[in-house]
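A.B. asks: Quick one: the structure is below, questions incoming.
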Amino acid sequence: MTVLNDGKLAPSSQVFRVMLRMEIKPGLEDEFERTWTEVGDSVTSHRANLGQWLSRSIDEPGIYYIVSDWLDEPQFRAFEHSDRHLEHRQKLHPFRSGGSMVTMNVVAHLEGGSSGERWS
């Protein structure tokens, strides 16, 4: 990823980001989180994946957001249509009652004051 002086990413290094909003069936949240962590390697081990994050909404019970960063859209789309992705989705599907997906290009990145520290 090449960051220019103004904090913007060089067009050739723009990250392709996918954000999923998942509605999880009541009472299955803990099992969903456990399963997501267990099957996550099927995504993060893909050569074009830069990482992914699972977040639980504070404001909406049973709502989760999954953010996944990719080198580019074509490689994400190839993964999205692969058997590997289908198997991943099948393992998470029993927990879902609904959801949506949005895609985007990251156009700028600004490091925070504690960017060198780990958090969880």
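Lettering and numbering for the structure tokens are positional, with chains as A, B, ... in the shown order, residues counted from 1 in each chain, and ligands counted from 1 in the shown order.
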Check chain A with DSSP on the backbone and list each residue it calls strand (DSSP E), as number ranges by chain.
C.D. replies: A: 16-24, 49-56, 63-70, 96-105
A.B. asks: Keeping only N, CA and C atoms, write the selected residues as a compact mmCIF listing (two decimals), in the first residue's frame.
C.D. replies:
# COMPACT_ATOMS: atom_id res chain seq x y z
N PHE A 16 -9.34 -2.83 -1.83
CA PHE A 16 -10.75 -3.12 -2.07
C PHE A 16 -11.33 -3.66 -0.77
N ARG A 17 -12.36 -3.02 -0.25
CA ARG A 17 -12.93 -3.39 1.04
C ARG A 17 -14.36 -3.89 0.86
N VAL A 18 -14.66 -4.94 1.59
CA VAL A 18 -16.01 -5.51 1.61
C VAL A 18 -16.53 -5.38 3.04
N MET A 19 -17.76 -4.89 3.18
CA MET A 19 -18.37 -4.81 4.51
C MET A 19 -19.71 -5.53 4.48
N LEU A 20 -19.81 -6.55 5.33
CA LEU A 20 -21.04 -7.30 5.46
C LEU A 20 -21.76 -6.89 6.73
N ARG A 21 -23.06 -6.75 6.65
CA ARG A 21 -23.90 -6.55 7.84
C ARG A 21 -24.68 -7.84 7.99
N MET A 22 -24.47 -8.52 9.11
CA MET A 22 -25.12 -9.81 9.33
C MET A 22 -26.08 -9.73 10.51
N GLU A 23 -27.28 -10.22 10.28
CA GLU A 23 -28.29 -10.34 11.33
C GLU A 23 -28.26 -11.78 11.81
N ILE A 24 -27.93 -11.97 13.09
CA ILE A 24 -27.77 -13.30 13.66
C ILE A 24 -29.01 -13.67 14.49
N ASN A 49 -6.12 -11.71 0.27
CA ASN A 49 -6.79 -11.13 1.43
C ASN A 49 -5.78 -10.44 2.34
N LEU A 50 -6.10 -9.22 2.76
CA LEU A 50 -5.23 -8.43 3.62
C LEU A 50 -5.63 -8.52 5.09
N GLY A 51 -6.77 -9.14 5.37
CA GLY A 51 -7.24 -9.28 6.74
C GLY A 51 -8.73 -9.06 6.82
N GLN A 52 -9.30 -9.49 7.94
CA GLN A 52 -10.73 -9.25 8.15
C GLN A 52 -10.99 -9.06 9.63
N TRP A 53 -12.11 -8.40 9.94
CA TRP A 53 -12.48 -8.03 11.30
C TRP A 53 -13.94 -8.35 11.52
N LEU A 54 -14.26 -8.85 12.69
CA LEU A 54 -15.64 -9.09 13.11
C LEU A 54 -15.96 -8.11 14.22
N SER A 55 -17.05 -7.38 14.05
CA SER A 55 -17.47 -6.41 15.07
C SER A 55 -18.94 -6.65 15.41
N ARG A 56 -19.24 -6.54 16.71
CA ARG A 56 -20.61 -6.68 17.18
C ARG A 56 -21.18 -5.28 17.44
N ILE A 63 -26.65 -7.86 15.64
CA ILE A 63 -26.09 -7.33 14.39
C ILE A 63 -24.57 -7.35 14.47
N TYR A 64 -23.96 -7.89 13.41
CA TYR A 64 -22.50 -7.96 13.30
C TYR A 64 -22.07 -7.35 11.98
N TYR A 65 -20.87 -6.80 11.98
CA TYR A 65 -20.26 -6.29 10.76
C TYR A 65 -18.96 -7.02 10.53
N ILE A 66 -18.76 -7.47 9.32
CA ILE A 66 -17.51 -8.11 8.93
C ILE A 66 -16.88 -7.23 7.87
N VAL A 67 -15.67 -6.79 8.13
CA VAL A 67 -14.90 -5.99 7.18
C VAL A 67 -13.74 -6.84 6.70
N SER A 68 -13.59 -6.91 5.39
CA SER A 68 -12.55 -7.73 4.78
C SER A 68 -11.84 -6.90 3.72
N ASP A 69 -10.52 -6.83 3.79
CA ASP A 69 -9.73 -6.04 2.84
C ASP A 69 -9.02 -6.97 1.86
N TRP A 70 -8.98 -6.53 0.59
CA TRP A 70 -8.43 -7.32 -0.50
C TRP A 70 -7.49 -6.47 -1.35
N ARG A 96 -27.54 -17.02 10.38
CA ARG A 96 -28.05 -15.78 9.79
C ARG A 96 -29.57 -15.75 9.66
N SER A 97 -30.12 -14.58 9.91
CA SER A 97 -31.54 -14.36 9.60
C SER A 97 -31.67 -13.30 8.51
N GLY A 98 -30.57 -12.67 8.14
CA GLY A 98 -30.56 -11.66 7.09
C GLY A 98 -29.22 -10.97 7.03
N GLY A 99 -29.09 -10.07 6.07
CA GLY A 99 -27.84 -9.33 5.95
C GLY A 99 -27.73 -8.60 4.64
N SER A 100 -26.63 -7.88 4.50
CA SER A 100 -26.37 -7.13 3.27
C SER A 100 -24.86 -6.97 3.11
N MET A 101 -24.46 -6.56 1.90
CA MET A 101 -23.04 -6.39 1.60
C MET A 101 -22.85 -5.10 0.81
N VAL A 102 -21.80 -4.36 1.16
CA VAL A 102 -21.39 -3.20 0.37
C VAL A 102 -19.90 -3.34 0.08
N THR A 103 -19.49 -2.80 -1.06
CA THR A 103 -18.08 -2.83 -1.44
C THR A 103 -17.59 -1.41 -1.68
N MET A 104 -16.28 -1.22 -1.53
CA MET A 104 -15.72 0.13 -1.65
C MET A 104 -14.23 0.05 -1.90
N ASN A 105 -13.67 1.16 -2.34
CA ASN A 105 -12.22 1.33 -2.43
C ASN A 105 -11.78 2.27 -1.34
A.B. asks: Taking the backbone alone, and naming residues the way the document does, which bits of chain A are alpha helix (DSSP H) by DSSP, as a ChimeraX atom specification?
C.D. replies: /A:29-39,41-44,73-80,83-92
A.B. asks: Looking at only C-alpha atoms, which of A:Ser57, A:Asp41, A:Leu71, A:Arg84 is the one that sits closest to A:Glu29?
C.D. replies: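 For A:Glu29, the nearest of the given residues is A:Ser57.
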A.B. asks: Of the candidates A:Gln14, A:Glu33, A:Leu28, A:Gly40, which one gets nearest to A:His88 if we count only C-alpha atoms?
C.D. replies: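 Once distances to A:His88 are computed over only C-alpha atoms, the minimum belongs to A:Gly40.
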